[in-house]
file run.pdb (PDB, C-alpha atoms and all ligand atoms)
ATOM      1  CA  MET A  28     -13.798  60.584  98.938  1.00  0.00           C
ATOM      2  CA  ALA A  29     -15.314  57.306  99.922  1.00  0.00           C
ATOM      3  CA  LEU A  30     -14.441  54.297 101.975  1.00  0.00           C
ATOM      4  CA  ARG A  31     -13.768  51.127  99.989  1.00  0.00           C
ATOM      5  CA  ASP A  32     -14.416  47.595 101.198  1.00  0.00           C
ATOM      6  CA  ILE A  33     -11.272  45.719 102.208  1.00  0.00           C
ATOM      7  CA  VAL A  34     -10.873  42.268 100.674  1.00  0.00           C
ATOM      8  CA  THR A  35      -9.785  39.614 103.182  1.00  0.00           C
ATOM      9  CA  ASP A  36      -7.684  36.484 102.886  1.00  0.00           C
ATOM     10  CA  PRO A  37      -8.339  33.932 101.276  1.00  0.00           C
ATOM     11  CA  ASN A  38     -10.037  36.000  98.543  1.00  0.00           C
ATOM     12  CA  PRO A  39      -8.209  35.063  95.283  1.00  0.00           C
ATOM     13  CA  THR A  40      -7.879  38.758  94.337  1.00  0.00           C
ATOM     14  CA  LEU A  41      -5.117  38.983  96.941  1.00  0.00           C
ATOM     15  CA  ARG A  42      -3.094  36.355  95.073  1.00  0.00           C
ATOM     16  CA  LYS A  43      -3.059  37.984  91.641  1.00  0.00           C
ATOM     17  CA  LYS A  44      -0.164  39.867  90.093  1.00  0.00           C
ATOM     18  CA  CYS A  45      -1.173  43.490  89.540  1.00  0.00           C
ATOM     19  CA  ARG A  46      -0.681  45.360  86.277  1.00  0.00           C
ATOM     20  CA  GLU A  47       1.190  48.646  85.925  1.00  0.00           C
ATOM     21  CA  VAL A  48      -0.701  51.921  85.903  1.00  0.00           C
ATOM     22  CA  GLU A  49      -0.474  53.596  82.498  1.00  0.00           C
ATOM     23  CA  ILE A  50      -3.102  56.310  82.784  1.00  0.00           C
ATOM     24  CA  PHE A  51      -2.635  59.061  85.351  1.00  0.00           C
ATOM     25  CA  ASP A  52      -6.078  60.618  85.477  1.00  0.00           C
ATOM     26  CA  GLU A  53      -8.668  61.849  87.960  1.00  0.00           C
ATOM     27  CA  LYS A  54      -9.872  58.312  88.508  1.00  0.00           C
ATOM     28  CA  LEU A  55      -6.421  57.341  89.805  1.00  0.00           C
ATOM     29  CA  GLY A  56      -6.445  60.387  92.096  1.00  0.00           C
ATOM     30  CA  ARG A  57      -9.844  59.417  93.457  1.00  0.00           C
ATOM     31  CA  LEU A  58      -8.682  55.855  94.064  1.00  0.00           C
ATOM     32  CA  LEU A  59      -5.611  57.098  95.970  1.00  0.00           C
ATOM     33  CA  ASP A  60      -7.790  59.444  98.051  1.00  0.00           C
ATOM     34  CA  ASP A  61     -10.168  56.596  98.836  1.00  0.00           C
ATOM     35  CA  MET A  62      -7.312  54.234  99.698  1.00  0.00           C
ATOM     36  CA  GLY A  63      -5.829  56.793 102.108  1.00  0.00           C
ATOM     37  CA  GLU A  64      -9.190  57.296 103.755  1.00  0.00           C
ATOM     38  CA  THR A  65      -9.915  53.567 103.925  1.00  0.00           C
ATOM     39  CA  MET A  66      -6.484  52.895 105.468  1.00  0.00           C
ATOM     40  CA  ASN A  67      -7.062  55.590 108.098  1.00  0.00           C
ATOM     41  CA  ALA A  68     -10.550  54.372 108.940  1.00  0.00           C
ATOM     42  CA  ALA A  69      -9.171  50.862 109.430  1.00  0.00           C
ATOM     43  CA  ASP A  70      -6.259  52.211 111.506  1.00  0.00           C
ATOM     44  CA  GLY A  71      -3.699  50.661 109.156  1.00  0.00           C
ATOM     45  CA  VAL A  72      -0.189  51.756 108.173  1.00  0.00           C
ATOM     46  CA  GLY A  73      -0.499  50.676 104.557  1.00  0.00           C
ATOM     47  CA  LEU A  74      -2.965  49.574 101.921  1.00  0.00           C
ATOM     48  CA  ALA A  75      -2.429  48.146  98.442  1.00  0.00           C
ATOM     49  CA  ALA A  76      -4.900  48.365  95.547  1.00  0.00           C
ATOM     50  CA  PRO A  77      -5.666  44.607  95.411  1.00  0.00           C
ATOM     51  CA  GLN A  78      -6.911  44.939  99.005  1.00  0.00           C
ATOM     52  CA  VAL A  79      -9.733  47.100  97.644  1.00  0.00           C
ATOM     53  CA  GLY A  80     -10.259  44.777  94.681  1.00  0.00           C
ATOM     54  CA  ILE A  81      -8.188  46.665  92.096  1.00  0.00           C
ATOM     55  CA  LEU A  82      -5.407  44.771  90.342  1.00  0.00           C
ATOM     56  CA  ARG A  83      -3.116  47.714  89.665  1.00  0.00           C
ATOM     57  CA  ARG A  84       0.327  48.541  91.049  1.00  0.00           C
ATOM     58  CA  ILE A  85      -0.786  51.165  93.578  1.00  0.00           C
ATOM     59  CA  ALA A  86      -0.228  51.410  97.344  1.00  0.00           C
ATOM     60  CA  VAL A  87      -0.313  53.933 100.176  1.00  0.00           C
ATOM     61  CA  VAL A  88       1.742  53.932 103.373  1.00  0.00           C
ATOM     62  CA  GLU A  89       1.229  56.072 106.448  1.00  0.00           C
ATOM     63  CA  VAL A  90       3.444  55.851 109.520  1.00  0.00           C
ATOM     64  CA  ASP A  91       2.962  58.684 112.032  1.00  0.00           C
ATOM     65  CA  ASP A  92       3.470  61.936 110.060  1.00  0.00           C
ATOM     66  CA  PHE A  93       4.922  60.170 107.029  1.00  0.00           C
ATOM     67  CA  TYR A  94       2.477  59.579 104.164  1.00  0.00           C
ATOM     68  CA  ILE A  95       3.308  58.339 100.685  1.00  0.00           C
ATOM     69  CA  GLU A  96       1.403  57.294  97.575  1.00  0.00           C
ATOM     70  CA  PHE A  97       3.103  54.703  95.381  1.00  0.00           C
ATOM     71  CA  VAL A  98       2.215  54.122  91.752  1.00  0.00           C
ATOM     72  CA  ASN A  99       4.249  51.419  89.981  1.00  0.00           C
ATOM     73  CA  PRO A 100       6.710  51.071  92.889  1.00  0.00           C
ATOM     74  CA  VAL A 101       9.866  48.975  92.511  1.00  0.00           C
ATOM     75  CA  ILE A 102      12.362  48.188  95.267  1.00  0.00           C
ATOM     76  CA  VAL A 103      15.707  49.006  93.673  1.00  0.00           C
ATOM     77  CA  LYS A 104      17.987  48.704  96.717  1.00  0.00           C
ATOM     78  CA  LYS A 105      17.883  46.629  99.919  1.00  0.00           C
ATOM     79  CA  LYS A 106      20.263  46.757 102.859  1.00  0.00           C
ATOM     80  CA  GLY A 107      20.544  44.893 106.140  1.00  0.00           C
ATOM     81  CA  GLU A 108      17.903  42.859 107.873  1.00  0.00           C
ATOM     82  CA  GLN A 109      15.217  43.335 110.508  1.00  0.00           C
ATOM     83  CA  ASP A 110      12.905  40.901 112.227  1.00  0.00           C
ATOM     84  CA  GLY A 111       9.623  41.956 113.754  1.00  0.00           C
ATOM     85  CA  PRO A 112       5.868  41.515 113.941  1.00  0.00           C
ATOM     86  CA  GLU A 113       3.705  42.324 110.958  1.00  0.00           C
ATOM     87  CA  GLY A 114      -0.040  42.459 110.442  1.00  0.00           C
ATOM     88  CA  CYS A 115      -2.307  43.109 107.482  1.00  0.00           C
ATOM     89  CA  LEU A 116      -5.741  44.718 107.077  1.00  0.00           C
ATOM     90  CA  SER A 117      -6.683  41.746 104.885  1.00  0.00           C
ATOM     91  CA  ILE A 118      -5.825  39.305 107.689  1.00  0.00           C
ATOM     92  CA  PRO A 119      -7.640  40.893 110.642  1.00  0.00           C
ATOM     93  CA  GLY A 120      -6.553  40.180 114.192  1.00  0.00           C
ATOM     94  CA  LYS A 121      -3.378  38.294 113.342  1.00  0.00           C
ATOM     95  CA  SER A 122       0.325  39.022 113.239  1.00  0.00           C
ATOM     96  CA  MET A 123       3.534  37.143 112.680  1.00  0.00           C
ATOM     97  CA  ASP A 124       7.277  37.791 112.786  1.00  0.00           C
ATOM     98  CA  VAL A 125       8.658  38.510 109.325  1.00  0.00           C
ATOM     99  CA  LYS A 126      12.248  39.113 108.216  1.00  0.00           C
ATOM    100  CA  ARG A 127      12.639  42.174 105.983  1.00  0.00           C
ATOM    101  CA  PRO A 128      15.505  44.309 104.752  1.00  0.00           C
ATOM    102  CA  ASN A 129      16.282  47.095 107.220  1.00  0.00           C
ATOM    103  CA  LYS A 130      16.633  49.757 104.548  1.00  0.00           C
ATOM    104  CA  VAL A 131      15.111  49.986 101.093  1.00  0.00           C
ATOM    105  CA  THR A 132      15.050  52.414  98.192  1.00  0.00           C
ATOM    106  CA  VAL A 133      11.872  52.488  96.125  1.00  0.00           C
ATOM    107  CA  GLU A 134      11.469  54.031  92.696  1.00  0.00           C
ATOM    108  CA  TYR A 135       7.854  54.913  91.907  1.00  0.00           C
ATOM    109  CA  GLN A 136       5.574  57.418  90.251  1.00  0.00           C
ATOM    110  CA  ASP A 137       3.323  59.898  92.016  1.00  0.00           C
ATOM    111  CA  ARG A 138      -0.385  60.342  91.158  1.00  0.00           C
ATOM    112  CA  TYR A 139       0.563  62.636  88.266  1.00  0.00           C
ATOM    113  CA  GLY A 140       3.052  60.197  86.734  1.00  0.00           C
ATOM    114  CA  LYS A 141       6.187  61.961  87.944  1.00  0.00           C
ATOM    115  CA  HIS A 142       9.105  59.600  88.607  1.00  0.00           C
ATOM    116  CA  MET A 143      10.282  59.712  92.217  1.00  0.00           C
ATOM    117  CA  SER A 144      12.552  57.837  94.612  1.00  0.00           C
ATOM    118  CA  VAL A 145      12.432  57.349  98.372  1.00  0.00           C
ATOM    119  CA  THR A 146      14.736  55.642 100.872  1.00  0.00           C
ATOM    120  CA  ALA A 147      13.497  54.512 104.265  1.00  0.00           C
ATOM    121  CA  GLU A 148      14.573  52.247 107.073  1.00  0.00           C
ATOM    122  CA  GLY A 149      13.097  50.404 110.019  1.00  0.00           C
ATOM    123  CA  PHE A 150       9.331  50.199 110.289  1.00  0.00           C
ATOM    124  CA  ILE A 151       8.650  52.349 107.203  1.00  0.00           C
ATOM    125  CA  ALA A 152      10.931  50.113 105.104  1.00  0.00           C
ATOM    126  CA  ARG A 153       8.999  47.118 106.431  1.00  0.00           C
ATOM    127  CA  ALA A 154       5.704  48.744 105.402  1.00  0.00           C
ATOM    128  CA  PHE A 155       7.071  49.463 101.903  1.00  0.00           C
ATOM    129  CA  CYS A 156       8.098  45.804 101.478  1.00  0.00           C
ATOM    130  CA  HIS A 157       4.750  44.523 102.773  1.00  0.00           C
ATOM    131  CA  GLU A 158       2.662  46.744 100.459  1.00  0.00           C
ATOM    132  CA  ILE A 159       4.803  46.128  97.384  1.00  0.00           C
ATOM    133  CA  ASP A 160       4.556  42.371  98.034  1.00  0.00           C
ATOM    134  CA  HIS A 161       0.757  42.742  97.799  1.00  0.00           C
ATOM    135  CA  LEU A 162       1.167  43.896  94.178  1.00  0.00           C
ATOM    136  CA  ASP A 163       2.655  40.492  93.330  1.00  0.00           C
ATOM    137  CA  GLY A 164       0.067  38.508  95.272  1.00  0.00           C
ATOM    138  CA  ILE A 165       2.396  37.854  98.217  1.00  0.00           C
ATOM    139  CA  LEU A 166       1.060  37.934 101.797  1.00  0.00           C
ATOM    140  CA  TYR A 167       3.301  38.405 104.823  1.00  0.00           C
ATOM    141  CA  TYR A 168       2.887  34.886 106.140  1.00  0.00           C
ATOM    142  CA  ASP A 169       4.412  33.585 102.880  1.00  0.00           C
ATOM    143  CA  ARG A 170       7.647  35.177 104.119  1.00  0.00           C
ATOM    144  CA  ALA A 171       7.257  34.407 107.829  1.00  0.00           C
ATOM    145  CA  LYS A 172       9.637  32.052 109.537  1.00  0.00           C
ATOM    146  CA  GLU A 173       6.946  29.701 110.684  1.00  0.00           C
ATOM    147  CA  GLY A 174       4.160  28.527 108.376  1.00  0.00           C
ATOM    148  CA  ARG A 175       0.561  29.465 109.000  1.00  0.00           C
TER     149      ARG A 175
HETATM  150 CO    CO A 201      -1.193  43.818 103.940  1.00  0.00          CO
END

call {"tool": "encode", "arguments": {"input": "run.pdb", "output": "structure tokens"}}
result
Amino acid sequence: MALRDIVTDPNPTLRKKCREVEIFDEKLGRLLDDMGETMNAADGVGLAAPQVGILRRIAVVEVDDFYIEFVNPVIVKKKGEQDGPEGCLSIPGKSMDVKRPNKVTVEYQDRYGKHMSVTAEGFIARAFCHEIDHLDGILYYDRAKEGR
């Protein structure tokens, strides 16, 4: 495993739409391992592939004991609303209040290509929304109530 460099705003890589993963190989596994390690080292709760310069639909989320690897994630259900502060490893030292659904269901694939589904609420749901937004080039302040 190795730490990857985190791309910071306004690097244009963060604004690109990522492509789907089609090949589930060792290289993907290594990338996911590296992303997990990089997220931990940076003390983050989530990291998306474009943040390490890779324009593929891949993200990891870790909140307390909950850890998940998303490949080709899609939010298929949203419920309710929550409002709270959000930060991003690509925008160091800043945070902003962002409205998000309170509960989401995400369909995704694991590192082996197996189709999976997960439902979460509260802070984990917020992290899912934030990371999946990254895959479409969206940063949290785009969704914040006040502009930047
Ligand atoms: Co982020």

call {"tool": "closest_atom_pairs", "arguments": {"input": "run.pdb", "of": "chain A", "to": "ligand CO 201 (chain A)", "cutoff": "6 Å", "atoms": "all atoms listed in the file", "output": "CSV"}}
result
residue,atom,partner,partner_atom,distance
A:Cys115,CA,A:CO201,CO,3.8
A:Leu116,CA,A:CO201,CO,5.6
A:Ser117,CA,A:CO201,CO,5.9
A:Glu158,CA,A:CO201,CO,6.0

call {"tool": "residues_around", "arguments": {"input": "run.pdb", "residues": "Asp60 in chain A", "least_positions_apart": "6", "cutoff": "12 Å", "atoms": "all atoms listed in the file", "output": "list in words"}}
result
Met28, Ala29, Leu30, Arg31, Glu53, Lys54, Met66, Asn67, Leu74, Ala76, Ile85, Ala86, Val87, Tyr94, Ile95, Glu96 and Arg138 of chain A

call {"tool": "atom_distance", "arguments": {"input": "run.pdb", "atom1": "CA of Phe51 in chain A", "atom2": "CA of Pro100 in chain A"}}
result
14.4 Å

call {"tool": "closest_residue", "arguments": {"input": "run.pdb", "among": "A:Met123, A:Ile33, A:Val98, A:Val90", "to": "Gly149 in chain A", "atoms": "all atoms listed in the file"}}
result
A:Val90

call {"tool": "closest_residue", "arguments": {"input": "run.pdb", "among": "A:Leu59, A:Val88, A:Pro119, A:Asn99", "to": "Ala154 in chain A", "atoms": "all atoms listed in the file"}}
result
A:Val88

call {"tool": "resolve_selection", "arguments": {"input": "run.pdb", "expression": "the PyMOL selection byres (((chain A and resi 38) around 12) and not hetatm)", "output": "mmCIF file with C-alpha atoms, in the frame of the given file"}}
result
data_model
loop_
_atom_site.group_PDB
_atom_site.id
_atom_site.type_symbol
_atom_site.label_atom_id
_atom_site.label_comp_id
_atom_site.auth_asym_id
_atom_site.auth_seq_id
_atom_site.Cartn_x
_atom_site.Cartn_y
_atom_site.Cartn_z
ATOM 1 C CA ILE A 33 -11.272 45.719 102.208
ATOM 2 C CA VAL A 34 -10.873 42.268 100.674
ATOM 3 C CA THR A 35 -9.785 39.614 103.182
ATOM 4 C CA ASP A 36 -7.684 36.484 102.886
ATOM 5 C CA PRO A 37 -8.339 33.932 101.276
ATOM 6 C CA PRO A 39 -8.209 35.063 95.283
ATOM 7 C CA THR A 40 -7.879 38.758 94.337
ATOM 8 C CA LEU A 41 -5.117 38.983 96.941
ATOM 9 C CA ARG A 42 -3.094 36.355 95.073
ATOM 10 C CA LYS A 43 -3.059 37.984 91.641
ATOM 11 C CA PRO A 77 -5.666 44.607 95.411
ATOM 12 C CA GLN A 78 -6.911 44.939 99.005
ATOM 13 C CA VAL A 79 -9.733 47.100 97.644
ATOM 14 C CA GLY A 80 -10.259 44.777 94.681
ATOM 15 C CA SER A 117 -6.683 41.746 104.885
ATOM 16 C CA ILE A 118 -5.825 39.305 107.689
ATOM 17 C CA GLY A 164 0.067 38.508 95.272
ATOM 18 C CA LEU A 166 1.060 37.934 101.797
#

call {"tool": "resolve_selection", "arguments": {"input": "run.pdb", "expression": "the PyMOL selection byres (((chain A and resi 155) around 10) and not hetatm)", "output": "PyMOL selection string"}}
result
chain A and resi 72-73+86-89+95+97+100-102+130-133+146-148+150-154+156-160

call {"tool": "closest_residue", "arguments": {"input": "run.pdb", "among": "A:Gly140, A:Val145, A:Gly107, A:Lys126", "to": "Ala171 in chain A", "atoms": "only C-alpha atoms"}}
result
A:Lys126
